[in-house]
Amino acid sequence: NAEFFALEREHLLLSCGVLAGHRNDLKAPGDFISVEAFGERGLVVLGEDGQLRGFFNTCRHRAHALVSEERGSCGHAIRCPYHGWSYDFDGALKTIAAEKSFPQIDKAEFGLKPLEVEVFLGFIFLRFKPGGASVAERYAPYRAEMATYRTAEMQSMGTGWHCDLEVDWKNLMDNYLEGYHVPTGHPGLQRLFGPSYTAEAQPSGVSRQMGILRDKPSENWSERLYQRWVPRPAHLSPERQRAWCYYTLLPNVALDFYPDLVTSFEALPLGPGKVRLRARRWGLAPESEKDDRQWRLARYLNYRINREVQREDEVLIASVQQGL
């Protein structure tokens, strides 16, 4: 419903935290990451003073996007590719091409429009509309256990992937949040977890789902090899060395924690009945060449297993959407 979607966007989605990327994506002044969500464009840039600042990714002259890549460097200034207006990393308007043709302009009035930026355990969140609890406040019930994974030290493993689906974003999130369908809808996860899968929600708008890998070898070769070769990082407890944990930040973002890596899951609404599913991956650097081979194998198998889970979910939610 278009009218209801407009209300969702205005009163729910714009004020939620959007996952822009990771702090380690930004290493030198001028490095940036950009994000598109809910019909808006955002930009996070690292300043000369080491501070992160967020802005609408929109030039104040003719509303062109200041950057078009997901990650990169602005060089010495944020420069619009349309007419060449440039801005300092604090958002102030720096130079205007053919400035004499703008005799009445007050540069102080045409700086970039700021956005809220928050770094939580290394992950950068951007908010298009201020207000409400921070990501850290909402994730507080699980912060201590999430911190044991050393996510602030992780590095990006590529730009990730996305796909557009003809389903409503709430349908997608409903499916992601409940474990009731795992035994019948996901045979692979059932082989891996057995009856150990649990789900719980907190009043702050976060939830945790968790499954513990079984000792019994799976009959599926990808799952069986993963059970055998998954790393057991010393910084994780024995239980977490065998756990898959999904931490959801309502309404539409999740961070999935595995012994071998962390992935993100985002349901980005494109309109009523249309959603973009986006996923990215981060991991710690292995400590030796031998470890590197094991970690790369485990991450490959993890991807194979979850790729099949994703296919199953797409079939499930497409049928639900048609039924609705």
# chains A, B, ... in the order shown; residues from 1 in each chain; ligands from 1
$ select_by_dssp --residues "segment 8-95 of chain A" --states "strand (DSSP E)" --output "count of residues only"
34
$ residues_around --residues "Glu166 of chain A" --least-positions-apart "3" --cutoff "8 Å" --atoms "only C-alpha atoms" --output "count of residues only"
4
$ residues_around --residues "Gln155 of chain A" --least-positions-apart "5" --cutoff "10 Å" --atoms "only C-alpha atoms" --output "number ranges by chain"
A: 22-25, 122, 261, 281-285
$ closest_residue --among "A:Leu165, A:Leu255, A:Leu52, A:Val44" --to "Met146 of chain A" --atoms "only C-alpha atoms"
A:Leu255
$ closest_atom_pairs --of "segment 231-269 of chain A" --to "segment 290-309 of chain A" --cutoff "10 Å" --atoms "only C-alpha atoms" --output "Markdown table"
| residue | atom | partner | partner_atom | distance |
| --- | --- | --- | --- | --- |
| A:Pro231 | CA | A:Trp295 | CA | 6.5 |
| A:Arg232 | CA | A:Trp295 | CA | 10.0 |
| A:Tyr258 | CA | A:Asn302 | CA | 8.9 |
| A:Pro259 | CA | A:Ala298 | CA | 9.3 |
| A:Asp260 | CA | A:Arg299 | CA | 6.4 |
| A:Leu261 | CA | A:Arg299 | CA | 7.3 |
$ residues_around --residues "His235 of chain A" --least-positions-apart "5" --cutoff "10 Å" --atoms "only C-alpha atoms" --output "short mmCIF file (atom, residue, chain, number, x, y, z; two decimals) with N, CA and C atoms, in the first residue's frame"
data_model
loop_
_atom_site.label_atom_id
_atom_site.label_comp_id
_atom_site.auth_asym_id
_atom_site.auth_seq_id
_atom_site.Cartn_x
_atom_site.Cartn_y
_atom_site.Cartn_z
N THR A 148 33.10 -9.81 21.98
CA THR A 148 34.12 -10.87 22.06
C THR A 148 34.60 -11.31 20.67
N TYR A 149 33.85 -10.98 19.63
CA TYR A 149 34.24 -11.38 18.28
C TYR A 149 35.29 -10.45 17.67
N ARG A 150 35.64 -9.37 18.35
CA ARG A 150 36.67 -8.42 17.92
C ARG A 150 36.33 -7.81 16.55
N ARG A 240 30.64 -20.46 21.58
CA ARG A 240 30.61 -19.55 20.43
C ARG A 240 31.53 -20.03 19.30
N GLN A 241 32.48 -20.87 19.59
CA GLN A 241 33.31 -21.46 18.54
C GLN A 241 32.50 -22.39 17.64
#
$ closest_residue --among "A:Val253, A:Ile78, A:Val18, A:Val315" --to "Val167 of chain A" --atoms "only C-alpha atoms"
A:Val315
$ residues_around --residues "Ser264 of chain A" --least-positions-apart "2" --cutoff "12 Å" --atoms "only C-alpha atoms" --output "JSON, numbers by chain"
{"A": [18, 19, 20, 21, 22, 123, 156, 157, 159, 160, 161, 162, 245, 246, 247, 248, 249, 252, 253, 254, 255, 256, 257, 258, 261, 262, 266, 267, 277, 278, 279, 280, 281, 282, 283]}
$ write_last_selection --atoms "N, CA and C atoms" --output "mmCIF file, in the first residue's frame"
data_model
loop_
_atom_site.group_PDB
_atom_site.id
_atom_site.type_symbol
_atom_site.label_atom_id
_atom_site.label_comp_id
_atom_site.auth_asym_id
_atom_site.auth_seq_id
_atom_site.Cartn_x
_atom_site.Cartn_y
_atom_site.Cartn_z
ATOM 1 N N VAL A 18 21.112 3.143 9.424
ATOM 2 C CA VAL A 18 21.456 2.457 8.187
ATOM 3 C C VAL A 18 22.922 2.061 8.246
ATOM 4 N N LEU A 19 23.228 0.813 7.945
ATOM 5 C CA LEU A 19 24.606 0.341 7.990
ATOM 6 C C LEU A 19 25.362 0.865 6.776
ATOM 7 N N ALA A 20 26.270 1.818 7.015
ATOM 8 C CA ALA A 20 27.032 2.413 5.918
ATOM 9 C C ALA A 20 28.262 1.590 5.568
ATOM 10 N N GLY A 21 28.935 1.034 6.559
ATOM 11 C CA GLY A 21 30.151 0.266 6.314
ATOM 12 C C GLY A 21 30.912 0.054 7.599
ATOM 13 N N HIS A 22 32.237 -0.050 7.496
ATOM 14 C CA HIS A 22 33.087 -0.340 8.643
ATOM 15 C C HIS A 22 34.137 0.753 8.794
ATOM 16 N N PHE A 123 31.369 -0.858 13.289
ATOM 17 C CA PHE A 123 30.421 -0.677 12.194
ATOM 18 C C PHE A 123 29.854 0.741 12.211
ATOM 19 N N SER A 156 36.989 -5.435 5.595
ATOM 20 C CA SER A 156 35.966 -5.758 4.614
ATOM 21 C C SER A 156 36.448 -6.871 3.691
ATOM 22 N N MET A 157 35.528 -7.779 3.338
ATOM 23 C CA MET A 157 35.826 -8.868 2.405
ATOM 24 C C MET A 157 35.026 -8.638 1.126
ATOM 25 N N THR A 159 32.815 -5.958 -1.702
ATOM 26 C CA THR A 159 31.698 -5.022 -1.631
ATOM 27 C C THR A 159 30.368 -5.705 -1.358
ATOM 28 N N GLY A 160 30.354 -7.055 -1.321
ATOM 29 C CA GLY A 160 29.129 -7.766 -1.019
ATOM 30 C C GLY A 160 28.254 -7.941 -2.249
ATOM 31 N N TRP A 161 26.988 -8.192 -2.024
ATOM 32 C CA TRP A 161 26.061 -8.435 -3.133
ATOM 33 C C TRP A 161 24.679 -7.918 -2.750
ATOM 34 N N HIS A 162 23.825 -7.776 -3.756
ATOM 35 C CA HIS A 162 22.435 -7.406 -3.482
ATOM 36 C C HIS A 162 21.539 -8.020 -4.548
ATOM 37 N N CYS A 245 25.217 -16.981 15.247
ATOM 38 C CA CYS A 245 24.374 -16.052 16.006
ATOM 39 C C CYS A 245 23.944 -14.899 15.091
ATOM 40 N N TYR A 246 22.643 -14.605 15.118
ATOM 41 C CA TYR A 246 22.073 -13.557 14.281
ATOM 42 C C TYR A 246 21.510 -12.465 15.194
ATOM 43 N N TYR A 247 22.092 -11.262 15.109
ATOM 44 C CA TYR A 247 21.664 -10.140 15.942
ATOM 45 C C TYR A 247 20.931 -9.124 15.069
ATOM 46 N N THR A 248 19.635 -8.995 15.274
ATOM 47 C CA THR A 248 18.817 -8.138 14.430
ATOM 48 C C THR A 248 18.529 -6.806 15.109
ATOM 49 N N LEU A 249 18.663 -5.743 14.344
ATOM 50 C CA LEU A 249 18.336 -4.392 14.779
ATOM 51 C C LEU A 249 17.104 -3.960 14.002
ATOM 52 N N ASN A 252 15.184 -3.295 10.142
ATOM 53 C CA ASN A 252 15.549 -3.934 8.878
ATOM 54 C C ASN A 252 17.020 -4.317 8.720
ATOM 55 N N VAL A 253 17.787 -4.352 9.801
ATOM 56 C CA VAL A 253 19.220 -4.647 9.706
ATOM 57 C C VAL A 253 19.574 -5.798 10.644
ATOM 58 N N ALA A 254 20.492 -6.657 10.197
ATOM 59 C CA ALA A 254 20.991 -7.725 11.058
ATOM 60 C C ALA A 254 22.485 -7.907 10.836
ATOM 61 N N LEU A 255 23.181 -8.271 11.900
ATOM 62 C CA LEU A 255 24.583 -8.663 11.845
ATOM 63 C C LEU A 255 24.657 -10.129 12.249
ATOM 64 N N ASP A 256 25.180 -10.947 11.344
ATOM 65 C CA ASP A 256 25.229 -12.388 11.554
ATOM 66 C C ASP A 256 26.657 -12.785 11.924
ATOM 67 N N PHE A 257 26.816 -13.362 13.121
ATOM 68 C CA PHE A 257 28.126 -13.678 13.665
ATOM 69 C C PHE A 257 28.394 -15.178 13.547
ATOM 70 N N TYR A 258 29.500 -15.509 12.877
ATOM 71 C CA TYR A 258 29.969 -16.883 12.738
ATOM 72 C C TYR A 258 31.372 -16.980 13.337
ATOM 73 N N LEU A 261 33.599 -15.433 10.362
ATOM 74 C CA LEU A 261 33.373 -14.107 9.802
ATOM 75 C C LEU A 261 32.073 -13.523 10.346
ATOM 76 N N VAL A 262 31.822 -12.260 9.978
ATOM 77 C CA VAL A 262 30.560 -11.580 10.290
ATOM 78 C C VAL A 262 29.973 -11.089 8.972
ATOM 79 N N GLU A 266 20.531 -6.674 5.162
ATOM 80 C CA GLU A 266 19.722 -5.464 5.190
ATOM 81 C C GLU A 266 18.547 -5.593 4.225
ATOM 82 N N ALA A 267 17.363 -5.269 4.700
ATOM 83 C CA ALA A 267 16.174 -5.216 3.857
ATOM 84 C C ALA A 267 15.890 -3.745 3.565
ATOM 85 N N LEU A 277 17.563 -6.654 -1.023
ATOM 86 C CA LEU A 277 18.289 -7.395 0.005
ATOM 87 C C LEU A 277 19.774 -7.196 -0.242
ATOM 88 N N ARG A 278 20.480 -6.681 0.761
ATOM 89 C CA ARG A 278 21.904 -6.409 0.618
ATOM 90 C C ARG A 278 22.682 -7.149 1.686
ATOM 91 N N ALA A 279 23.821 -7.745 1.310
ATOM 92 C CA ALA A 279 24.651 -8.486 2.260
ATOM 93 C C ALA A 279 26.118 -8.127 2.037
ATOM 94 N N ARG A 280 26.864 -8.011 3.151
ATOM 95 C CA ARG A 280 28.308 -7.755 3.092
ATOM 96 C C ARG A 280 29.025 -8.631 4.108
ATOM 97 N N ARG A 281 30.368 -8.740 3.992
ATOM 98 C CA ARG A 281 31.128 -9.666 4.828
ATOM 99 C C ARG A 281 32.370 -8.974 5.386
ATOM 100 N N TRP A 282 32.708 -9.304 6.641
ATOM 101 C CA TRP A 282 33.916 -8.808 7.296
ATOM 102 C C TRP A 282 34.582 -9.947 8.063
ATOM 103 N N GLY A 283 35.912 -9.884 8.184
ATOM 104 C CA GLY A 283 36.604 -10.949 8.903
ATOM 105 C C GLY A 283 37.935 -10.495 9.453
#
$ atom_distance --atom1 "atom CA of Gln209 of chain A" --atom2 "atom CA of Thr263 of chain A"
14.3 Å
$ closest_residue --among "A:Leu26, A:Leu316, A:Met154, A:Ile33" --to "His186 of chain A" --atoms "only C-alpha atoms"
A:Leu316
$ residues_around --residues "Leu43 of chain A" --least-positions-apart "6" --cutoff "12 Å" --atoms "only C-alpha atoms" --output "JSON, numbers by chain"
{"A": [18, 19, 20, 21, 30, 31, 32, 33, 34, 35, 36, 37, 52, 53, 54, 55, 56, 57, 58, 59, 65, 66, 67, 68, 69, 70, 71, 72, 73, 74, 78, 89, 90, 91, 112, 113, 114, 115, 116, 117, 124, 125, 126, 127, 128]}
$ closest_residue --among "A:Gly271, A:Leu14, A:Pro141, A:Pro251" --to "Arg208 of chain A" --atoms "only C-alpha atoms"
A:Pro141
$ atom_distance --atom1 "atom CA of Phe38 of chain A" --atom2 "atom CA of Gly158 of chain A"
23.5 Å
$ atom_distance --atom1 "atom CA of Asp49 of chain A" --atom2 "atom CA of Ala28 of chain A"
10.4 Å
$ residues_around --residues "segment 218-221 of chain A" --least-positions-apart "3" --cutoff "9 Å" --atoms "only C-alpha atoms" --output "list in words"
Gly188, Arg191, Leu192, Arg214, Asp215, Arg224, Leu225, Tyr226 and Gln227 of chain A
$ write_last_selection --atoms "all heavy atoms" --output "PDB file, in the first residue's frame"
ATOM      1  N   GLY A 188      19.166 -27.910   5.436  1.00  0.00           N
ATOM      2  CA  GLY A 188      20.585 -27.818   5.751  1.00  0.00           C
ATOM      3  C   GLY A 188      20.838 -27.282   7.148  1.00  0.00           C
ATOM      4  O   GLY A 188      21.662 -27.819   7.892  1.00  0.00           O
ATOM      5  N   ARG A 191      20.017 -29.908   9.644  1.00  0.00           N
ATOM      6  CA  ARG A 191      21.099 -30.903   9.776  1.00  0.00           C
ATOM      7  C   ARG A 191      22.242 -30.346  10.619  1.00  0.00           C
ATOM      8  O   ARG A 191      22.860 -31.079  11.401  1.00  0.00           O
ATOM      9  CB  ARG A 191      21.613 -31.310   8.398  1.00  0.00           C
ATOM     10  CG  ARG A 191      20.654 -32.180   7.596  1.00  0.00           C
ATOM     11  CD  ARG A 191      21.328 -32.755   6.362  1.00  0.00           C
ATOM     12  NE  ARG A 191      21.701 -31.730   5.390  1.00  0.00           N
ATOM     13  CZ  ARG A 191      20.930 -31.336   4.367  1.00  0.00           C
ATOM     14  NH1 ARG A 191      19.727 -31.898   4.206  1.00  0.00           N
ATOM     15  NH2 ARG A 191      21.348 -30.418   3.528  1.00  0.00           N
ATOM     16  N   LEU A 192      22.537 -29.066  10.475  1.00  0.00           N
ATOM     17  CA  LEU A 192      23.642 -28.463  11.223  1.00  0.00           C
ATOM     18  C   LEU A 192      23.308 -28.240  12.693  1.00  0.00           C
ATOM     19  O   LEU A 192      24.143 -28.457  13.569  1.00  0.00           O
ATOM     20  CB  LEU A 192      24.026 -27.123  10.589  1.00  0.00           C
ATOM     21  CG  LEU A 192      24.839 -27.159   9.300  1.00  0.00           C
ATOM     22  CD1 LEU A 192      25.003 -25.751   8.742  1.00  0.00           C
ATOM     23  CD2 LEU A 192      26.202 -27.800   9.525  1.00  0.00           C
ATOM     24  N   ARG A 214      26.117 -29.132  15.392  1.00  0.00           N
ATOM     25  CA  ARG A 214      26.091 -30.469  15.984  1.00  0.00           C
ATOM     26  C   ARG A 214      27.425 -31.177  15.767  1.00  0.00           C
ATOM     27  O   ARG A 214      28.176 -30.882  14.828  1.00  0.00           O
ATOM     28  CB  ARG A 214      24.980 -31.304  15.359  1.00  0.00           C
ATOM     29  CG  ARG A 214      23.611 -30.698  15.452  1.00  0.00           C
ATOM     30  CD  ARG A 214      22.611 -31.425  14.583  1.00  0.00           C
ATOM     31  NE  ARG A 214      22.187 -32.694  15.175  1.00  0.00           N
ATOM     32  CZ  ARG A 214      21.363 -33.539  14.565  1.00  0.00           C
ATOM     33  NH1 ARG A 214      20.905 -33.265  13.349  1.00  0.00           N
ATOM     34  NH2 ARG A 214      21.001 -34.653  15.160  1.00  0.00           N
ATOM     35  N   ASP A 215      27.734 -32.143  16.639  1.00  0.00           N
ATOM     36  CA  ASP A 215      28.922 -32.979  16.454  1.00  0.00           C
ATOM     37  C   ASP A 215      28.680 -34.057  15.404  1.00  0.00           C
ATOM     38  O   ASP A 215      29.621 -34.502  14.732  1.00  0.00           O
ATOM     39  CB  ASP A 215      29.320 -33.639  17.784  1.00  0.00           C
ATOM     40  CG  ASP A 215      29.807 -32.622  18.807  1.00  0.00           C
ATOM     41  OD1 ASP A 215      30.395 -31.597  18.393  1.00  0.00           O
ATOM     42  OD2 ASP A 215      29.575 -32.833  20.014  1.00  0.00           O
ATOM     43  N   ARG A 224      29.240 -30.970   6.082  1.00  0.00           N
ATOM     44  CA  ARG A 224      30.134 -31.877   6.813  1.00  0.00           C
ATOM     45  C   ARG A 224      31.563 -31.307   6.880  1.00  0.00           C
ATOM     46  O   ARG A 224      32.212 -31.324   7.931  1.00  0.00           O
ATOM     47  CB  ARG A 224      30.139 -33.251   6.143  1.00  0.00           C
ATOM     48  CG  ARG A 224      30.950 -34.304   6.884  1.00  0.00           C
ATOM     49  CD  ARG A 224      30.702 -35.685   6.309  1.00  0.00           C
ATOM     50  NE  ARG A 224      31.111 -35.789   4.903  1.00  0.00           N
ATOM     51  CZ  ARG A 224      30.283 -35.889   3.882  1.00  0.00           C
ATOM     52  NH1 ARG A 224      28.968 -35.871   4.083  1.00  0.00           N
ATOM     53  NH2 ARG A 224      30.728 -35.992   2.643  1.00  0.00           N
ATOM     54  N   LEU A 225      32.047 -30.777   5.743  1.00  0.00           N
ATOM     55  CA  LEU A 225      33.381 -30.181   5.734  1.00  0.00           C
ATOM     56  C   LEU A 225      33.436 -28.925   6.595  1.00  0.00           C
ATOM     57  O   LEU A 225      34.450 -28.665   7.261  1.00  0.00           O
ATOM     58  CB  LEU A 225      33.797 -29.857   4.301  1.00  0.00           C
ATOM     59  CG  LEU A 225      34.237 -31.036   3.436  1.00  0.00           C
ATOM     60  CD1 LEU A 225      34.570 -30.563   2.026  1.00  0.00           C
ATOM     61  CD2 LEU A 225      35.438 -31.746   4.056  1.00  0.00           C
ATOM     62  N   TYR A 226      32.362 -28.141   6.582  1.00  0.00           N
ATOM     63  CA  TYR A 226      32.348 -26.944   7.429  1.00  0.00           C
ATOM     64  C   TYR A 226      32.418 -27.338   8.903  1.00  0.00           C
ATOM     65  O   TYR A 226      33.169 -26.720   9.679  1.00  0.00           O
ATOM     66  CB  TYR A 226      31.088 -26.113   7.158  1.00  0.00           C
ATOM     67  CG  TYR A 226      31.064 -24.829   7.971  1.00  0.00           C
ATOM     68  CD1 TYR A 226      31.739 -23.703   7.535  1.00  0.00           C
ATOM     69  CD2 TYR A 226      30.369 -24.750   9.186  1.00  0.00           C
ATOM     70  CE1 TYR A 226      31.740 -22.530   8.277  1.00  0.00           C
ATOM     71  CE2 TYR A 226      30.359 -23.583   9.929  1.00  0.00           C
ATOM     72  CZ  TYR A 226      31.046 -22.473   9.472  1.00  0.00           C
ATOM     73  OH  TYR A 226      31.059 -21.332  10.218  1.00  0.00           O
ATOM     74  N   GLN A 227      31.641 -28.331   9.307  1.00  0.00           N
ATOM     75  CA  GLN A 227      31.697 -28.805  10.694  1.00  0.00           C
ATOM     76  C   GLN A 227      33.121 -29.199  11.076  1.00  0.00           C
ATOM     77  O   GLN A 227      33.555 -28.979  12.208  1.00  0.00           O
ATOM     78  CB  GLN A 227      30.769 -30.010  10.881  1.00  0.00           C
ATOM     79  CG  GLN A 227      29.278 -29.684  10.840  1.00  0.00           C
ATOM     80  CD  GLN A 227      28.437 -30.945  10.818  1.00  0.00           C
ATOM     81  OE1 GLN A 227      28.528 -31.750   9.892  1.00  0.00           O
ATOM     82  NE2 GLN A 227      27.619 -31.121  11.852  1.00  0.00           N
TER      83      GLN A 227
END
